[in-house]
Each structure stands twice: as C-alpha cells, then as structure tokens.
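Peer 1: Sharing a structure here in structure tokens format.
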Amino acid sequence: MGVTRKKHSSSFKAKVALEAIKERESLRELSQRFEVSQSQISKWKSSFLDRSSSVFESKVSSSELSQDSTDLYTKIGQLEMENDFLKKNLKKWGI
C-alpha cells in the first residue's frame, strides 16, 4: 500500500521557511516540530529567499496610476459641484 503525500498550504510553507530563516532552531528541531523533512524545509527556505525580492516590485505602471488619479480628480470635481448645487437649492427651499 502506497504512502500518500501531504499537501501543505502556501501559508504553512511560508511559516516554516520564516522559522528556518530566523535560525532560532536547528533544521532537525523544525523538522520534528512541523513534521516535515529537513531537506524539504531547506528547499522551501531557498525558494522563499529567491522569490522575496518580487514582493517589492511594482506591478502597476505609472501611466495606469496617472489615469486613475485623473479619474479620481474628475469624480471629486463632479461631487463638489453636486454638493454646491444641493446647498444652494436647500437654502432656497429653507431646508
């Protein structure tokens, strides 16, 4: 009868990798605590370190940000005009 493999979530892998990076415990201790092999922890740690720089990369281009801010300023202007209109008309009606 074959042994079924455990499937670990990405959050679990990140947790184990961070514990390995901290180096407060040996790989052996981490392996026992999380019930994962030492080599697997080492792989997750190196993969985590290799991909860590991608966290700080910008995925939105400056032209998209510029367009978004233009749209927002347009919307703000429209809302200010509507607000002024309502204030003026409410004063006329005495509300």
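Labels used: A, B, ... for chains in the order of the structure tokens, numbers from 1 for residues in each chain, and numbers from 1 for ligands as shown.
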Where does DSSP see alpha helix (DSSP H) in chain A, if you list the residues as a ChimeraX atom specification?
Peer 2: /A:10-22,27-34,38-51,62-93
Peer 1: Hey, what's within 12 Å of His8 (chain A) if we count only C-alpha atoms and toss same-chain stuff fewer than 2 positions away? As a ChimeraX atom specification, please?
Peer 2: /A:5-6,10-16,34-36,40-41,44
Peer 1: For C-alpha atoms, I'd like the residues from the last selection saved as a PDB file, in the first residue's frame.
Peer 2:
ATOM      1  CA  ARG A   5       1.873  12.658   0.269  1.00  0.00           C
ATOM      2  CA  LYS A   6       0.851  15.560   2.438  1.00  0.00           C
ATOM      3  CA  SER A  10       1.491  28.147   0.873  1.00  0.00           C
ATOM      4  CA  SER A  11       0.963  29.904   4.215  1.00  0.00           C
ATOM      5  CA  PHE A  12       2.292  26.852   6.055  1.00  0.00           C
ATOM      6  CA  LYS A  13       5.337  26.709   3.776  1.00  0.00           C
ATOM      7  CA  ALA A  14       5.999  30.416   4.334  1.00  0.00           C
ATOM      8  CA  LYS A  15       5.688  29.963   8.093  1.00  0.00           C
ATOM      9  CA  VAL A  16       8.181  27.096   8.099  1.00  0.00           C
ATOM     10  CA  PHE A  34       6.374  20.777  11.798  1.00  0.00           C
ATOM     11  CA  GLU A  35       6.613  17.107  10.766  1.00  0.00           C
ATOM     12  CA  VAL A  36       8.389  17.925   7.506  1.00  0.00           C
ATOM     13  CA  GLN A  40      12.038  19.973   2.327  1.00  0.00           C
ATOM     14  CA  ILE A  41      12.499  22.829   4.808  1.00  0.00           C
ATOM     15  CA  TRP A  44      11.235  25.996   0.980  1.00  0.00           C
TER      16      TRP A  44
END
